[in-house]
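Here is the structure we will look at.
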Amino acid sequence: MTTKPAVVTRFAPSPTGHLHVGGARSALFCWAYARKHGGHFTLRIEDTDQARSSDESARGIMEDLAWLGIDWDEGPEFVHEGKKIGGDPQGVGPFFQARRVALYNKYLMQLIEQGRAYPAFESSEELEAKRKAAVAAKQTYRYDRASYHAYPTPEARLARMKEADAKGETYPIRFYAPAEEVVVQDEVLGDVKYAAGEMDDFVIRKADGFPTYHFAVVVDDETMGVTHVMRAQEHLNNTPRHVALQKALGFRTPVYAHMPLICNMDASKMSKRDKAKVARKTLKEAMAKDKALSAAGVGAAIGVATKELEDFIAAENDSLVTAQKLGAYFKIALPEIEVCDFRENGYLPGAINNFLALLGWNPGMKLADGKDLEKFDTKFLAEHFAIDRIGKTSAKFDRVKLLSFNGDAINGMSDEEFARVWREFCSHAEPRLVERVPEGQRWLWLAKAIKPRAKTLRDGIKPAGLFMMGDDAVEFDAGAVEKNLKAEGGKGMEMLREVLVRLQGLAEWTPGAIHGALELMAKERGLVNDKGAVNVGPVAAPVRVAVSGSGVTPPLGETLAALGREGVMKRVERCLAVNG
RNA sequence: GGCCCCAUCGUCUAGCCUGGUCCAGGACACCAGGUUCUCAUCCUGGGAACAUGGGUUCGAAUCCCAUUGGGGUCACCA
């Protein structure tokens, strides 16, 4: 026997794709609110759209949530890194709506018997035509309740439904909207009033027998004991329907808090479709520029049917697959929209959570130096999250700031921690690097050198590029060779020969020893900068070119140490031979 | 178009509820210096905003109204 939690929040995604950053923020806030009040956070999968839902998506969403560190107390059971998440402590499951149809039908019958819901027998085409006519006449379309009046009593409706069921005829069921003002009491926005007659008789059960979102949400929030609904403002206009339904069913109304939207930099709502938009734009521009390019041609090249691609171009579909193929074909980066996009690109969950939490919320606290507190983790959020600090203004998703947060998060890690996380990342993203540099001390040296050069884990791969070259395959950049080796009568080459000797004689092969050797050489040669301090630059530059082929590398101490004595010797000798 | 929401630096925002301490603070970005073996990191400094118009008030970024602007939503999707 478990006691009912005083606070139950929920995140209820539909499994039709990956977890979107906006969804992640909703989940994060709901999670934080539940944690703060010692309540439960519930995950419910809204899979009533049979055509678009998939188990794979549901798993992907759970994986992304778990990766972010957002765990749910109630919901589908899921194992992440050996830890079990979810379960049904209150016995209110299942948590997939498709498995709760009997429950919805029970409440649906109640509404029909009360005369608050009724079957409708118009075809979709019929309604579509009426809708179009209304739009053409610049009028707001509302369902005319023809079916309601055709069968004026609950008994007549029930009889008609029985008749239809016997014949295999399908039909949706509509809710008889109340003729009174509905007030949504929102914790963020205040009272939002919807005048009597604004609501139309919306469908609550589709012809396929599944409930619509509105109906399922209301039944589930009630039966799962949800006390606080926090979701994005795009849902605000749905809320009066939910309130009306709650009233008709005799349910309590949870506390609502609608959060500001997360937008693109152009202020439009950030959505998965933005990937398709970017791909479409690129394709259209390419086709305008190159008349030889055709839908058929490109389609064949990327493996998409001509018709499919033509529809895509005409914006009649927003296929993610097509968008991704086009992105690869034109070598353009599609915008990062979903949590997995950021994950694949080497963002840290902590940075994402922190950044997302600051979109529409802030702790309103100052640091000791008087600056605003804005760096915090989910533990902090769980202790300090409060609805009254949720803002009303929609926020633009500034990837540059997120990148900065991520870089700071990386810099804030210990060298050991970064080495571990980065190695794990590279083992998927760039296995060659992991193969070339053994785990242990050498990898740690490399990681230490890379850490301040990586805004993302993926970012770190580029400055480590020299490690991926074979010791006998360094490609020398002509400009770098000229400037650092051949200029001034081959001064650099001469220096490199001496460096080789000094490094060969080094007793211990560590960053400190290597740097010390280079510094000593500079000192002995009297190399000083304009302030009179030893200037290692002229010694370092030729070595840099020898081991990387370019004039830019991470600091040489760590770089050479991580490369290994043998590799460094080979590279320097080869450089002397090739460029000598 | 109907309905709904919103309005502080380029962006995220503090301040607004409980008017004066705000010629508006922080962060990202940008610019200029500095540290540094290259590239980064790091440090210091700088420019940059209360949408407009009316009220209320001794006093308005803060309260009220209008205008303008932006966004959301109008499915048998969620």
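Scheme for the structure tokens: letters A, B, ... for chains in order shown; per-chain residue numbers from 1; ligand numbers from 1 in order shown.
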Point to revise | Distance-based interface of chain B with chain A, 10 Å, counting only C-alpha atoms (C1' of nucleotides), as a PyMOL selection string | key: chain B and resi 1-7+11-14+25-29+37-42+70-78
Review point. Got a sec: who's within 12 Å of Gly505 (chain A), counting only C-alpha atoms (C1' of nucleotides), leaving out chain neighbours fewer than 6 positions off, as an MDAnalysis selection string?
Key: chainID A and resid 498:499 513:514 517 565 569
Please produce an output containing C-alpha atoms for each residue in the selection, written as a PDB file, in the first residue's frame.
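again_7.pdb, freshly written:
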```pdb
ATOM      1  CA  GLU A 498      69.584  19.847 -32.776  1.00  0.00           C
ATOM      2  CA  VAL A 499      66.173  19.212 -31.248  1.00  0.00           C
ATOM      3  CA  ALA A 513      60.878  17.035 -19.517  1.00  0.00           C
ATOM      4  CA  ILE A 514      60.186  17.686 -23.174  1.00  0.00           C
ATOM      5  CA  ALA A 517      64.554  20.439 -23.093  1.00  0.00           C
ATOM      6  CA  ARG A 565      59.205   8.922 -28.221  1.00  0.00           C
ATOM      7  CA  MET A 569      61.749  10.447 -33.634  1.00  0.00           C
TER       8      MET A 569
END
```
Fewer than 2 positions away in the same chain doesn't count, so skip those; otherwise give me all residues within 12 Å of G20 (chain B), counting only C-alpha atoms (C1' of nucleotides), as a short mmCIF file (atom, residue, chain, number, x, y, z; two decimals) with N, CA and C atoms (P, O5', C5', C4', C3', O3' and C1' of nucleotides), in the first residue's frame.
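Now in out-v6.cif:
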```cif
data_model
loop_
_atom_site.label_atom_id
_atom_site.label_comp_id
_atom_site.auth_asym_id
_atom_site.auth_seq_id
_atom_site.Cartn_x
_atom_site.Cartn_y
_atom_site.Cartn_z
P C B 22 20.71 51.98 -8.20
"O5'" C B 22 20.04 52.60 -9.51
"C5'" C B 22 20.70 53.38 -10.50
"C4'" C B 22 19.84 53.31 -11.73
"C3'" C B 22 18.50 54.01 -11.56
"O3'" C B 22 18.37 55.03 -12.55
"C1'" C B 22 18.23 51.79 -12.42
P U B 57 -3.06 61.86 -10.54
"O5'" U B 57 -1.66 61.54 -9.86
"C5'" U B 57 -1.61 60.70 -8.71
"C4'" U B 57 -0.17 60.34 -8.42
"C3'" U B 57 0.78 61.53 -8.34
"O3'" U B 57 0.71 62.17 -7.08
"C1'" U B 57 1.76 59.79 -9.63
P C B 58 0.77 63.78 -7.09
"O5'" C B 58 2.30 64.09 -7.41
"C5'" C B 58 2.71 65.42 -7.78
"C4'" C B 58 4.21 65.48 -7.81
"C3'" C B 58 4.87 64.40 -8.62
"O3'" C B 58 4.95 64.77 -9.99
"C1'" C B 58 5.92 64.51 -6.51
P G B 59 4.68 63.68 -11.15
"O5'" G B 59 5.86 62.65 -10.92
"C5'" G B 59 7.19 63.00 -11.34
"C4'" G B 59 8.16 61.92 -10.93
"C3'" G B 59 7.89 60.54 -11.52
"O3'" G B 59 8.51 60.43 -12.79
"C1'" G B 59 8.28 60.35 -9.19
P A B 60 7.80 59.53 -13.94
"O5'" A B 60 8.04 58.07 -13.34
"C5'" A B 60 9.33 57.40 -13.30
"C4'" A B 60 9.14 56.00 -13.81
"C3'" A B 60 8.80 56.01 -15.29
"O3'" A B 60 9.83 55.50 -16.12
"C1'" A B 60 7.14 54.82 -14.02
P U B 62 6.89 51.12 -17.13
"O5'" U B 62 7.04 49.62 -16.69
"C5'" U B 62 6.04 48.93 -16.00
"C4'" U B 62 6.60 48.32 -14.74
"C3'" U B 62 5.67 48.47 -13.54
"O3'" U B 62 5.23 47.19 -13.14
"C1'" U B 62 7.93 49.00 -13.00
#
```
Exercise for review: Could you give me, as an MDAnalysis selection string, the residues within 10 Å of Arg432 (chain A), counting only C-alpha atoms (C1' of nucleotides) and dropping anything in the same chain fewer than 6 positions from it?
Suggested key: chainID A and resid 426 467:469
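As for CA of Val229 (chain A) and CA of Val7 (chain A), they are spaced 10.4 Å apart.
CA of Ile461 (chain A) sits 27.6 Å away from CA of Thr282 (chain A).
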Exercise for review: Tell me which protein, DNA and RNA residues are within 10 Å of G54 (chain B), counting only C-alpha atoms (C1' of nucleotides), leaving out same-chain ones fewer than 6 positions away, and put them as JSON, numbers by chain.
Suggested key: {"B": [65, 66, 67]}
Check your understanding: Please, which residues of region 80-259 of chain A, numbered as in this document, come out strand (DSSP E) from DSSP, as number ranges by chain?
Key -> A: 80, 83-87, 117-119, 173-175, 182-186, 190-194, 203-205, 228-232, 255-259
Check your understanding: Which one of B:G45, B:G69, B:G53, B:G19 sits closest to C31 (chain B) if you count only C-alpha atoms (C1' of nucleotides)?
Key -> B:G45
Practice item. For Cys30 (chain A), work out the shell of residues within 12 Å, counting only C-alpha atoms (C1' of nucleotides) and skipping chain neighbours fewer than 2 positions away, then give it as a VMD selection string. Key: chain A and resid 7 to 12 23 to 28 32 to 37 39 to 43 70 to 73 226 to 232 256 to 259 357 381 to 382 385 to 387
